[in-house]
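my_file-v6.cif follows; it contains mmCIF, C-alpha atoms and all ligand atoms.
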```cif
data_run
#
loop_
_atom_site.group_PDB
_atom_site.id
_atom_site.type_symbol
_atom_site.label_atom_id
_atom_site.label_comp_id
_atom_site.auth_asym_id
_atom_site.auth_seq_id
_atom_site.Cartn_x
_atom_site.Cartn_y
_atom_site.Cartn_z
ATOM 1 C CA MET A 274 4.845 -40.453 116.452
ATOM 2 C CA ARG A 275 5.518 -41.870 112.980
ATOM 3 C CA GLN A 276 2.854 -43.812 111.075
ATOM 4 C CA GLY A 277 2.804 -47.458 112.154
ATOM 5 C CA GLU A 278 5.228 -46.821 115.034
ATOM 6 C CA PRO A 279 4.107 -48.283 118.390
ATOM 7 C CA ALA A 280 3.400 -45.722 121.146
ATOM 8 C CA ILE A 281 5.883 -47.455 123.479
ATOM 9 C CA ARG A 282 9.032 -48.052 121.416
ATOM 10 C CA ASN A 283 11.372 -49.156 124.174
ATOM 11 C CA ILE A 284 11.678 -49.435 127.957
ATOM 12 C CA SER A 285 12.615 -45.767 128.395
ATOM 13 C CA ASP A 286 9.303 -44.655 126.898
ATOM 14 C CA THR A 287 7.640 -46.065 130.029
ATOM 15 C CA ALA A 288 9.204 -43.080 131.841
ATOM 16 C CA ASN A 289 7.119 -40.657 129.736
ATOM 17 C CA TRP A 290 4.050 -42.744 130.522
ATOM 18 C CA ALA A 291 4.691 -42.588 134.297
ATOM 19 C CA ALA A 292 5.186 -38.817 134.095
ATOM 20 C CA VAL A 293 1.686 -38.390 132.624
ATOM 21 C CA TYR A 294 0.126 -39.653 135.852
ATOM 22 C CA ARG A 295 2.188 -37.216 137.924
ATOM 23 C CA ALA A 296 1.159 -34.382 135.620
ATOM 24 C CA ARG A 297 -2.503 -35.285 135.953
ATOM 25 C CA GLU A 298 -2.237 -35.428 139.726
ATOM 26 C CA ALA A 299 -0.733 -31.947 139.813
ATOM 27 C CA ASP A 300 -3.857 -30.637 138.047
ATOM 28 C CA ARG A 301 -6.177 -31.785 140.825
ATOM 29 C CA PRO A 302 -7.247 -29.344 143.530
ATOM 30 C CA ASP A 303 -6.774 -32.116 146.130
ATOM 31 C CA ALA A 304 -3.391 -33.285 144.744
ATOM 32 C CA LEU A 305 -1.417 -35.531 147.094
ATOM 33 C CA PHE A 306 1.823 -34.184 145.587
ATOM 34 C CA ARG A 307 2.623 -31.559 142.988
ATOM 35 C CA ASP A 308 5.076 -32.118 140.178
ATOM 36 C CA PRO A 309 5.121 -28.896 138.138
ATOM 37 C CA PHE A 310 7.689 -30.423 135.746
ATOM 38 C CA ALA A 311 5.808 -33.599 134.885
ATOM 39 C CA ARG A 312 3.712 -32.189 132.038
ATOM 40 C CA ARG A 313 6.767 -30.925 130.150
ATOM 41 C CA LEU A 314 8.725 -34.091 130.888
ATOM 42 C CA ALA A 315 5.916 -36.415 129.789
ATOM 43 C CA GLY A 316 5.769 -34.502 126.502
ATOM 44 C CA ALA A 317 3.836 -35.523 123.409
ATOM 45 C CA ARG A 318 5.215 -39.059 123.655
ATOM 46 C CA GLY A 319 3.684 -39.463 127.129
ATOM 47 C CA ASP A 320 0.287 -38.235 125.947
ATOM 48 C CA GLN A 321 0.388 -40.588 122.946
ATOM 49 C CA ILE A 322 1.205 -43.574 125.142
ATOM 50 C CA PHE A 323 -1.490 -42.617 127.636
ATOM 51 C CA ALA A 324 -4.072 -42.393 124.855
ATOM 52 C CA THR A 325 -3.374 -45.968 123.712
ATOM 53 C CA MET A 326 -3.630 -47.572 127.159
ATOM 54 C CA PRO A 327 -6.758 -49.496 128.131
ATOM 55 C CA ASP A 328 -8.587 -48.367 131.318
ATOM 56 C CA LYS A 329 -6.052 -45.580 131.814
ATOM 57 C CA ASP A 330 -8.250 -43.491 134.098
ATOM 58 C CA ARG A 331 -9.443 -46.424 136.157
ATOM 59 C CA HIS A 332 -5.896 -47.211 137.294
ATOM 60 C CA ALA A 333 -4.633 -43.688 137.903
ATOM 61 C CA TRP A 334 -5.038 -44.071 141.670
ATOM 62 C CA ALA A 335 -2.435 -46.878 141.767
ATOM 63 C CA TRP A 336 0.216 -44.785 139.964
ATOM 64 C CA VAL A 337 -0.472 -41.851 142.265
ATOM 65 C CA MET A 338 -0.187 -44.018 145.381
ATOM 66 C CA ARG A 339 3.156 -45.356 144.203
ATOM 67 C CA THR A 340 4.627 -41.877 143.863
ATOM 68 C CA TYR A 341 3.023 -40.780 147.134
ATOM 69 C CA LEU A 342 4.562 -43.703 149.018
ATOM 70 C CA PHE A 343 8.027 -43.238 147.503
ATOM 71 C CA ASP A 344 7.818 -39.554 148.498
ATOM 72 C CA HIS A 345 6.922 -40.683 152.015
ATOM 73 C CA PHE A 346 9.970 -42.946 152.257
ATOM 74 C CA VAL A 347 12.332 -40.376 150.748
ATOM 75 C CA ALA A 348 11.151 -37.657 153.146
ATOM 76 C CA GLY A 349 11.386 -40.048 156.105
ATOM 77 C CA GLN A 350 14.904 -41.248 155.294
ATOM 78 C CA VAL A 351 16.193 -37.737 154.641
ATOM 79 C CA LYS A 352 14.767 -36.712 158.008
ATOM 80 C CA GLU A 353 16.573 -39.657 159.587
ATOM 81 C CA GLY A 354 19.896 -38.487 158.202
ATOM 82 C CA ALA A 355 20.347 -40.020 154.746
ATOM 83 C CA ASP A 356 23.050 -37.985 153.001
ATOM 84 C CA MET A 357 22.650 -39.594 149.564
ATOM 85 C CA VAL A 358 19.730 -40.829 147.459
ATOM 86 C CA VAL A 359 20.548 -43.111 144.535
ATOM 87 C CA ASN A 360 17.611 -43.299 142.146
ATOM 88 C CA LEU A 361 18.142 -46.288 139.861
ATOM 89 C CA ALA A 362 16.060 -46.078 136.657
ATOM 90 C CA ALA A 363 15.159 -42.510 137.597
ATOM 91 C CA GLY A 364 13.425 -41.866 134.285
ATOM 92 C CA LEU A 365 11.656 -38.498 134.309
ATOM 93 C CA ASP A 366 11.284 -38.307 138.081
ATOM 94 C CA ALA A 367 11.685 -34.701 139.277
ATOM 95 C CA ARG A 368 11.965 -35.199 143.046
ATOM 96 C CA PRO A 369 15.250 -33.257 143.339
ATOM 97 C CA TYR A 370 13.380 -30.247 141.925
ATOM 98 C CA ARG A 371 9.982 -30.610 143.527
ATOM 99 C CA MET A 372 10.638 -31.915 147.065
ATOM 100 C CA ALA A 373 11.859 -29.890 150.027
ATOM 101 C CA LEU A 374 15.347 -31.381 150.430
ATOM 102 C CA PRO A 375 18.484 -30.233 152.274
ATOM 103 C CA ALA A 376 20.869 -28.379 149.946
ATOM 104 C CA SER A 377 23.696 -30.668 151.090
ATOM 105 C CA LEU A 378 21.901 -33.899 150.102
ATOM 106 C CA ARG A 379 23.552 -35.723 147.188
ATOM 107 C CA TRP A 380 21.040 -37.122 144.725
ATOM 108 C CA ILE A 381 22.262 -39.491 142.003
ATOM 109 C CA GLU A 382 20.040 -40.377 139.065
ATOM 110 C CA VAL A 383 20.954 -43.453 137.022
ATOM 111 C CA ASP A 384 19.264 -44.378 133.741
ATOM 112 C CA LEU A 385 19.961 -45.077 130.085
ATOM 113 C CA PRO A 386 21.706 -42.315 128.088
ATOM 114 C CA GLU A 387 18.862 -41.294 125.793
ATOM 115 C CA ILE A 388 16.204 -40.631 128.437
ATOM 116 C CA LEU A 389 18.668 -38.715 130.637
ATOM 117 C CA ALA A 390 19.733 -36.549 127.681
ATOM 118 C CA TYR A 391 16.071 -35.757 126.985
ATOM 119 C CA LYS A 392 15.448 -34.949 130.664
ATOM 120 C CA GLU A 393 18.487 -32.690 130.914
ATOM 121 C CA ASP A 394 17.301 -30.793 127.895
ATOM 122 C CA VAL A 395 13.766 -30.281 129.279
ATOM 123 C CA LEU A 396 15.042 -29.238 132.725
ATOM 124 C CA ARG A 397 18.053 -27.204 131.535
ATOM 125 C CA ASP A 398 16.776 -23.925 133.063
ATOM 126 C CA GLU A 399 15.573 -25.418 136.360
ATOM 127 C CA LYS A 400 17.482 -25.570 139.619
ATOM 128 C CA PRO A 401 17.406 -28.655 141.868
ATOM 129 C CA ALA A 402 17.017 -28.217 145.645
ATOM 130 C CA CYS A 403 20.024 -30.457 146.373
ATOM 131 C CA VAL A 404 23.274 -31.573 144.728
ATOM 132 C CA LEU A 405 22.203 -33.540 141.661
ATOM 133 C CA GLU A 406 24.335 -35.846 139.513
ATOM 134 C CA ARG A 407 23.267 -37.971 136.570
ATOM 135 C CA VAL A 408 24.918 -41.218 135.545
ATOM 136 C CA ARG A 409 24.225 -42.722 132.140
ATOM 137 C CA LEU A 410 24.430 -46.446 132.681
ATOM 138 C CA ASP A 411 22.804 -49.657 131.545
ATOM 139 C CA LEU A 412 22.053 -51.344 134.864
ATOM 140 C CA SER A 413 22.221 -54.762 133.232
ATOM 141 C CA ASP A 414 25.984 -54.197 132.866
ATOM 142 C CA VAL A 415 26.912 -55.961 136.086
ATOM 143 C CA GLU A 416 30.580 -54.953 136.241
ATOM 144 C CA ALA A 417 29.799 -51.296 135.529
ATOM 145 C CA ARG A 418 27.028 -51.093 138.096
ATOM 146 C CA ARG A 419 29.165 -52.742 140.787
ATOM 147 C CA ALA A 420 31.897 -50.201 140.123
ATOM 148 C CA LEU A 421 29.348 -47.361 140.365
ATOM 149 C CA PHE A 422 27.861 -48.698 143.614
ATOM 150 C CA GLU A 423 31.310 -49.023 145.201
ATOM 151 C CA GLN A 424 32.270 -45.516 144.122
ATOM 152 C CA LEU A 425 29.012 -44.023 145.455
ATOM 153 C CA GLY A 426 29.272 -46.056 148.635
ATOM 154 C CA ARG A 427 32.645 -44.474 149.383
ATOM 155 C CA ARG A 428 31.133 -40.989 149.098
ATOM 156 C CA ALA A 429 28.133 -41.526 151.389
ATOM 157 C CA ARG A 430 27.585 -42.207 155.063
ATOM 158 C CA LYS A 431 23.969 -43.344 154.814
ATOM 159 C CA ALA A 432 22.384 -43.795 151.399
ATOM 160 C CA LEU A 433 18.830 -44.539 150.362
ATOM 161 C CA ILE A 434 18.422 -46.470 147.104
ATOM 162 C CA ILE A 435 15.207 -46.079 145.100
ATOM 163 C CA THR A 436 13.986 -48.341 142.318
ATOM 164 C CA GLU A 437 10.536 -47.093 141.333
ATOM 165 C CA GLY A 438 8.915 -48.969 138.465
ATOM 166 C CA LEU A 439 12.069 -50.903 137.570
ATOM 167 C CA LEU A 440 12.000 -54.363 139.158
ATOM 168 C CA ILE A 441 8.802 -55.513 137.409
ATOM 169 C CA TYR A 442 10.773 -55.524 134.140
ATOM 170 C CA LEU A 443 13.461 -57.864 135.531
ATOM 171 C CA SER A 444 13.517 -61.625 136.072
ATOM 172 C CA GLU A 445 13.745 -63.063 139.606
ATOM 173 C CA ASP A 446 17.411 -63.925 139.021
ATOM 174 C CA GLU A 447 18.171 -60.408 137.830
ATOM 175 C CA VAL A 448 16.415 -58.846 140.834
ATOM 176 C CA ALA A 449 18.254 -61.181 143.218
ATOM 177 C CA ALA A 450 21.620 -60.277 141.642
ATOM 178 C CA LEU A 451 20.841 -56.557 141.813
ATOM 179 C CA ALA A 452 19.810 -56.923 145.470
ATOM 180 C CA ARG A 453 23.115 -58.634 146.288
ATOM 181 C CA ASP A 454 25.135 -55.963 144.470
ATOM 182 C CA LEU A 455 23.247 -53.230 146.324
ATOM 183 C CA SER A 456 23.944 -54.917 149.655
ATOM 184 C CA SER A 457 27.709 -54.680 149.169
ATOM 185 C CA PRO A 458 28.570 -51.014 149.896
ATOM 186 C CA GLY A 459 28.432 -50.359 153.648
ATOM 187 C CA ALA A 460 26.725 -46.981 153.203
ATOM 188 C CA PHE A 461 23.799 -48.442 151.240
ATOM 189 C CA GLN A 462 21.508 -48.981 154.213
ATOM 190 C CA ARG A 463 17.941 -48.568 152.951
ATOM 191 C CA TRP A 464 16.203 -49.402 149.674
ATOM 192 C CA ALA A 465 12.713 -48.280 148.655
ATOM 193 C CA LEU A 466 11.157 -50.524 145.999
ATOM 194 C CA ASP A 467 7.765 -51.449 144.594
ATOM 195 C CA VAL A 468 6.638 -55.024 144.174
ATOM 196 C CA VAL A 469 3.509 -56.826 142.951
ATOM 197 C CA SER A 470 2.054 -60.228 143.785
ATOM 198 C CA PRO A 471 1.943 -63.033 141.181
ATOM 199 C CA GLY A 472 -1.817 -62.381 140.954
ATOM 200 C CA LEU A 473 -1.420 -58.690 140.119
ATOM 201 C CA LEU A 474 1.436 -59.478 137.724
ATOM 202 C CA ARG A 475 -0.885 -61.773 135.753
ATOM 203 C CA ILE A 476 -3.588 -59.082 135.571
ATOM 204 C CA LEU A 477 -1.079 -56.467 134.383
ATOM 205 C CA GLN A 478 0.342 -58.882 131.814
ATOM 206 C CA LYS A 479 -3.175 -59.409 130.472
ATOM 207 C CA GLN A 480 -3.984 -55.677 130.388
ATOM 208 C CA ILE A 481 -0.797 -54.096 129.079
ATOM 209 C CA GLY A 482 1.647 -56.966 128.601
ATOM 210 C CA THR A 483 1.345 -57.163 124.828
ATOM 211 C CA GLN A 484 2.242 -53.503 124.277
ATOM 212 C CA LEU A 485 5.182 -53.770 126.644
ATOM 213 C CA SER A 486 6.455 -57.054 125.227
ATOM 214 C CA ARG A 487 6.356 -55.519 121.758
ATOM 215 C CA ALA A 488 8.654 -52.805 123.104
ATOM 216 C CA SER A 489 11.008 -55.497 124.513
ATOM 217 C CA ALA A 490 9.923 -54.564 128.029
ATOM 218 C CA PRO A 491 7.865 -57.574 129.177
ATOM 219 C CA LEU A 492 6.505 -57.584 132.724
ATOM 220 C CA LYS A 493 8.271 -60.353 134.645
ATOM 221 C CA PHE A 494 8.722 -59.854 138.387
ATOM 222 C CA GLY A 495 5.970 -60.711 140.870
ATOM 223 C CA PRO A 496 7.587 -62.970 143.463
ATOM 224 C CA GLY A 497 5.511 -65.554 145.339
ATOM 225 C CA GLU A 498 7.380 -64.691 148.545
ATOM 226 C CA GLY A 499 6.220 -61.055 148.459
ATOM 227 C CA PRO A 500 8.607 -58.560 150.111
ATOM 228 C CA GLY A 501 10.249 -61.576 151.810
ATOM 229 C CA PHE A 502 11.834 -62.380 148.416
ATOM 230 C CA PHE A 503 14.690 -60.030 149.279
ATOM 231 C CA THR A 504 15.621 -61.553 152.645
ATOM 232 C CA PRO A 505 18.052 -64.216 151.295
ATOM 233 C CA HIS A 506 19.656 -61.510 149.137
ATOM 234 C CA GLY A 507 20.683 -59.131 151.906
ATOM 235 C CA TRP A 508 17.575 -57.012 152.567
ATOM 236 C CA ARG A 509 14.751 -57.371 155.095
ATOM 237 C CA PRO A 510 11.392 -55.598 154.840
ATOM 238 C CA SER A 511 11.387 -52.751 157.359
ATOM 239 C CA GLU A 512 8.117 -51.048 156.371
ATOM 240 C CA VAL A 513 5.621 -52.407 153.841
ATOM 241 C CA ARG A 514 2.802 -50.190 152.593
ATOM 242 C CA SER A 515 -0.001 -51.625 150.499
ATOM 243 C CA ILE A 516 -0.955 -49.462 147.519
ATOM 244 C CA ALA A 517 -4.640 -50.348 147.981
ATOM 245 C CA LYS A 518 -4.729 -49.589 151.714
ATOM 246 C CA THR A 519 -2.986 -46.292 151.083
ATOM 247 C CA ALA A 520 -5.587 -45.433 148.444
ATOM 248 C CA VAL A 521 -8.373 -46.116 150.930
ATOM 249 C CA ARG A 522 -6.645 -44.055 153.616
ATOM 250 C CA THR A 523 -6.124 -41.086 151.271
ATOM 251 C CA ARG A 524 -9.693 -41.386 149.902
ATOM 252 C CA ARG A 525 -8.547 -42.196 146.386
ATOM 253 C CA ALA A 526 -9.747 -45.778 146.180
ATOM 254 C CA PRO A 527 -12.506 -46.808 143.764
ATOM 255 C CA LEU A 528 -15.669 -48.270 145.337
ATOM 256 C CA LEU A 529 -14.823 -51.955 144.876
ATOM 257 C CA LEU A 530 -11.455 -51.446 146.497
ATOM 258 C CA ARG A 531 -13.052 -49.656 149.439
ATOM 259 C CA LEU A 532 -15.289 -52.676 149.999
ATOM 260 C CA LEU A 533 -12.410 -55.160 149.636
ATOM 261 C CA SER A 534 -10.327 -53.190 152.077
ATOM 262 C CA PHE A 535 -12.514 -54.448 154.917
ATOM 263 C CA LEU A 536 -10.980 -57.897 154.379
ATOM 264 C CA PRO A 537 -8.009 -58.692 156.604
ATOM 265 C CA GLU A 538 -4.688 -58.085 154.884
ATOM 266 C CA SER A 539 -1.168 -59.350 155.253
ATOM 267 C CA ASN A 540 1.898 -57.715 153.736
ATOM 268 C CA ASP A 541 3.672 -60.984 153.158
ATOM 269 C CA ARG A 542 2.811 -63.729 150.609
ATOM 270 C CA GLN A 543 -0.216 -62.808 148.479
ATOM 271 C CA GLY A 544 -0.365 -65.574 145.865
ATOM 272 C CA SER A 545 -3.189 -65.038 143.390
ATOM 273 C CA ARG A 546 -4.559 -62.065 145.321
ATOM 274 C CA PRO A 547 -3.921 -58.833 143.370
ATOM 275 C CA TRP A 548 -1.580 -56.924 145.648
ATOM 276 C CA GLY A 549 0.971 -54.177 145.093
ATOM 277 C CA GLY A 550 3.104 -52.448 147.667
ATOM 278 C CA VAL A 551 5.936 -50.037 148.207
ATOM 279 C CA CYS A 552 8.486 -51.318 150.700
ATOM 280 C CA LEU A 553 11.317 -49.814 152.644
ATOM 281 C CA MET A 554 13.975 -52.498 152.923
ATOM 282 C CA ALA A 555 16.761 -52.386 155.490
ATOM 283 C CA LYS A 556 20.116 -53.979 154.828
ATOM 284 C CA GLN A 557 20.549 -57.092 156.959
ATOM 285 C CA GLY A 558 22.426 -56.070 160.058
ATOM 286 C CA ALA A 559 22.124 -52.301 159.408
HETATM 287 C C1 LIG B 601 8.579 -47.220 134.316
HETATM 288 S S1 LIG B 601 9.998 -46.205 134.079
HETATM 289 C C2 LIG B 601 10.165 -45.590 135.737
HETATM 290 C C3 LIG B 601 10.882 -44.274 135.769
HETATM 291 C C4 LIG B 601 10.837 -43.561 137.126
HETATM 292 N N1 LIG B 601 11.505 -44.319 138.158
HETATM 293 C C5 LIG B 601 9.416 -43.256 137.514
HETATM 294 O O1 LIG B 601 8.898 -43.888 138.436
HETATM 295 O O2 LIG B 601 8.823 -42.396 136.869
HETATM 296 C C6 LIG B 601 11.318 -47.384 133.945
HETATM 297 C C7 LIG B 601 12.695 -46.761 133.783
HETATM 298 O O3 LIG B 601 13.662 -47.797 133.872
HETATM 299 C C8 LIG B 601 14.732 -47.443 133.035
HETATM 300 N N2 LIG B 601 15.509 -48.662 132.768
HETATM 301 C C9 LIG B 601 15.026 -49.853 132.372
HETATM 302 N N3 LIG B 601 16.032 -50.714 132.178
HETATM 303 C C10 LIG B 601 17.171 -50.061 132.489
HETATM 304 C C11 LIG B 601 18.540 -50.435 132.490
HETATM 305 N N4 LIG B 601 18.941 -51.657 132.124
HETATM 306 N N5 LIG B 601 19.448 -49.515 132.868
HETATM 307 C C12 LIG B 601 19.073 -48.276 133.240
HETATM 308 N N6 LIG B 601 17.779 -47.872 133.263
HETATM 309 C C13 LIG B 601 16.845 -48.747 132.871
HETATM 310 C C14 LIG B 601 14.041 -46.888 131.804
HETATM 311 O O4 LIG B 601 14.898 -46.160 130.969
HETATM 312 C C15 LIG B 601 12.936 -46.059 132.462
HETATM 313 O O5 LIG B 601 13.358 -44.736 132.684
#
```
Just give me the structure of the file as structure tokens.
Ligand SMILES: C[S@@+](CC[C@H](N)C(=O)[O-])C[C@H]1O[C@@H](n2cnc3c(N)ncnc32)[C@H](O)[C@@H]1O
Amino acid sequence: MRQGEPAIRNISDTANWAAVYRAREADRPDALFRDPFARRLAGARGDQIFATMPDKDRHAWAWVMRTYLFDHFVAGQVKEGADMVVNLAAGLDARPYRMALPASLRWIEVDLPEILAYKEDVLRDEKPACVLERVRLDLSDVEARRALFEQLGRRARKALIITEGLLIYLSEDEVAALARDLSSPGAFQRWALDVVSPGLLRILQKQIGTQLSRASAPLKFGPGEGPGFFTPHGWRPSEVRSIAKTAVRTRRAPLLLRLLSFLPESNDRQGSRPWGGVCLMAKQGA
């Protein structure tokens, strides 16, 4: 890191940051998942970002739950016959290398050119468990992404889309437009995504918003409707898993959260209540 340079320089650096939490989980004897590639992928940049973050250890459980829940949905959909996974904003995710996946599964990673070039370099001697393709694309290029979705849709029978840690950086209009584009190809039947309540969004903006805004990656998306936000845009919530409840269930929740978890919970509108979840969405009519 050069003198005076911010730890997070741009949105892709958030991928190194996320990888640090996966690397730390892999070091635990009671790890809920193991990512043996995460340490190398996170690299020095990841460690530098981690070091500058406030309360980094206190929030580790939430990052771990997110990965754990996405793993759960990927494994479940593959078991139910998904023949393609499209990971939008894949960053430094190493699921094609670390999960037990059928060799015939097609896995497509989409992200910006620089981070994918870095990832390819780090993983150049590793072998994925399935058929892996990488697409360098700016997802804000609407025409280009529509063309990609149509092309992928023609090659799949039943595809699972993943957006892990992406939507929070988009505006409501941008998320709605992406949801509509994803609903177009017939084969795109399920979509796993993470979402936060307006209350949690405000807390995150207060904690880490300044650093992210400085890197032109402000935190924006925390819809009042909760997972129901997606219903008018082609997707209905099929399974909603609260990050906090999952942490309690897997015995990773801090004390305060364990106490709060006795309160009744809904997976719908949360308002000012700090709530984050990972949702499996089903295409309307699929
Ligand atoms: C927080 S990281 C999440 C990475 C990965 N999904 C994970 O959970 O570790 C956000 C990712 O979104 C990618 N991203 C953000 N905006 C993008 C865009 N317009 N097009 C493609 N990728 C984008 C970044 O490059 C980065 O890899």
**Request:** Write as a PyMOL selection string the residues around ligand LIG 601 (chain B), taking 9 Å as the cut-off and counting all atoms listed in the file.
**Result:** chain A and resi 283-292+295+336+339-340+360-367+383-389+409-414+435-443+490
**Request:** Can you work out the spacing between CA of Phe461 (chain A) and CA of Ala559 (chain A) in Å, to one decimal?
**Result:** 9.2 Å
**Atom pair CA of Leu492 (chain A) / CA of Asp320 (chain A): separation (Å)** = 21.4 Å
**Asked** Within 6 Å of Ala402 (chain A), counting all atoms listed in the file, which residues qualify if same-chain residues fewer than 2 places away don't, as a count of residues only?
**Response** 4
**Message:** With the PyMOL selection byres (((chain A and resi 484) around 10) and not hetatm) as the selection, what would be picked from this file? Answer as a ChimeraX atom specification, please.
**Reply:** /A:279-282,325-326,478,480-483,485-491
**Request:** Find the spatial neighbours of Phe343 (chain A), counting only C-alpha atoms, within a cut-off of 9 Å - ignore same-chain residues fewer than 4 positions away - and output them as a PyMOL selection string.
**Result:** chain A and resi 338-339+347-348+435+437+465-467+551-553
**Request:** For each of A:Pro496, A:Cys403, A:Gly459, A:Ala520, take the minimum atom-to-atom distance to Arg475 (chain A), counting all atoms listed in the file, then give the residue where this is smallest.
**Result:**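 Residue with the minimum atom-to-atom distance to Arg475 (chain A): A:Pro496.
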**Best match for closeness to Arg371 (chain A) among A:Met357, A:Ala333, A:Ala311, A:Met554, counting only C-alpha atoms** = A:Ala311
**Prompt:** What lies within 8 Å of Arg546 (chain A) using only C-alpha atoms, ignoring chain neighbours under 3 positions off, as a PyMOL selection string?
**Reply:** chain A and resi 470-473+543
**Asked** So how far away is CA of Lys392 (chain A) from CA of Val469 (chain A), in Å?
**Response**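 Going from CA of Val469 (chain A) over to CA of Lys392 (chain A), I get 27.8 Å.
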**Message:** Which residues are near Arg531 (chain A)? Cut-off 12 Å, all atoms listed in the file, ignore same chain within fewer than 5 positions. Put them as a list of chain:residue names.
**Reply:** A:Ala517, A:Lys518, A:Thr519, A:Ala520, A:Val521, A:Arg522, A:Thr523, A:Arg524, A:Arg525, A:Ala526, A:Leu536
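Proximity ranking of A:Arg368, A:Lys493, A:Lys431, A:Arg312 relative to Val351 (chain A) places A:Lys431 first, based on only C-alpha atoms.
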**Item:** Expansion of the PyMOL selection byres (((chain A and resi 557) around 9) and not hetatm) into residues, as a list in words
**Value:** Ser456, Gln462, Thr504, Gly507, Trp508, Arg509, Met554, Ala555, Lys556, Gly558 and Ala559 of chain A
Those residues with C-alpha atoms, as a PDB file, keeping the file's coordinate frame please?
```pdb
ATOM      1  CA  SER A 456      23.944 -54.917 149.655  1.00  0.00           C
ATOM      2  CA  GLN A 462      21.508 -48.981 154.213  1.00  0.00           C
ATOM      3  CA  THR A 504      15.621 -61.553 152.645  1.00  0.00           C
ATOM      4  CA  GLY A 507      20.683 -59.131 151.906  1.00  0.00           C
ATOM      5  CA  TRP A 508      17.575 -57.012 152.567  1.00  0.00           C
ATOM      6  CA  ARG A 509      14.751 -57.371 155.095  1.00  0.00           C
ATOM      7  CA  MET A 554      13.975 -52.498 152.923  1.00  0.00           C
ATOM      8  CA  ALA A 555      16.761 -52.386 155.490  1.00  0.00           C
ATOM      9  CA  LYS A 556      20.116 -53.979 154.828  1.00  0.00           C
ATOM     10  CA  GLY A 558      22.426 -56.070 160.058  1.00  0.00           C
ATOM     11  CA  ALA A 559      22.124 -52.301 159.408  1.00  0.00           C
TER      12      ALA A 559
END
```
**Asked** So which one's closest to Gly549 (chain A), A:Ser377, A:Phe503, A:Ser444, A:Gly495? Using all atoms listed in the file, please.
**Response** A:Gly495
**Prompt:** Using all atoms listed in the file, which of A:Glu447, A:Val337, A:Ala373, A:Ala355 sits nearest Phe306 (chain A)?
**Reply:**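 Between A:Glu447, A:Val337, A:Ala373, A:Ala355, the residue approaching Phe306 (chain A) most closely is A:Val337.
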**Message:** Using only C-alpha atoms, can you tell me which of A:Asp454, A:Trp380, A:Tyr294, A:Ala324 comes closest to Asp308 (chain A)?
**Reply:** A:Tyr294
Enclose region 416-433 of chain A, meaning all of its atoms listed in the file, in a box aligned along x, y and z, pad it by 5 Å on each side, and list the centre and edge lengths in Å to one decimal, as lines of an AutoDock Vina configuration file.
```
center_x = 25.7
center_y = -48.0
center_z = 145.3
size_x = 23.8
size_y = 24.0
size_z = 29.5
```
Polymer residues at most 10 Å from (6.0, -62.4, 152.2) by only C-alpha atoms, as a PDB file with C-alpha atoms, keeping the file's coordinate frame:
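Result went into point00.pdb, see below:
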```
ATOM      1  CA  SER A 470       2.054 -60.228 143.785  1.00  0.00           C
ATOM      2  CA  PRO A 496       7.587 -62.970 143.463  1.00  0.00           C
ATOM      3  CA  GLY A 497       5.511 -65.554 145.339  1.00  0.00           C
ATOM      4  CA  GLU A 498       7.380 -64.691 148.545  1.00  0.00           C
ATOM      5  CA  GLY A 499       6.220 -61.055 148.459  1.00  0.00           C
ATOM      6  CA  PRO A 500       8.607 -58.560 150.111  1.00  0.00           C
ATOM      7  CA  GLY A 501      10.249 -61.576 151.810  1.00  0.00           C
ATOM      8  CA  PHE A 502      11.834 -62.380 148.416  1.00  0.00           C
ATOM      9  CA  PHE A 503      14.690 -60.030 149.279  1.00  0.00           C
ATOM     10  CA  THR A 504      15.621 -61.553 152.645  1.00  0.00           C
ATOM     11  CA  PRO A 510      11.392 -55.598 154.840  1.00  0.00           C
ATOM     12  CA  SER A 539      -1.168 -59.350 155.253  1.00  0.00           C
ATOM     13  CA  ASN A 540       1.898 -57.715 153.736  1.00  0.00           C
ATOM     14  CA  ASP A 541       3.672 -60.984 153.158  1.00  0.00           C
ATOM     15  CA  ARG A 542       2.811 -63.729 150.609  1.00  0.00           C
ATOM     16  CA  GLN A 543      -0.216 -62.808 148.479  1.00  0.00           C
ATOM     17  CA  GLY A 544      -0.365 -65.574 145.865  1.00  0.00           C
TER      18      GLY A 544
END
```
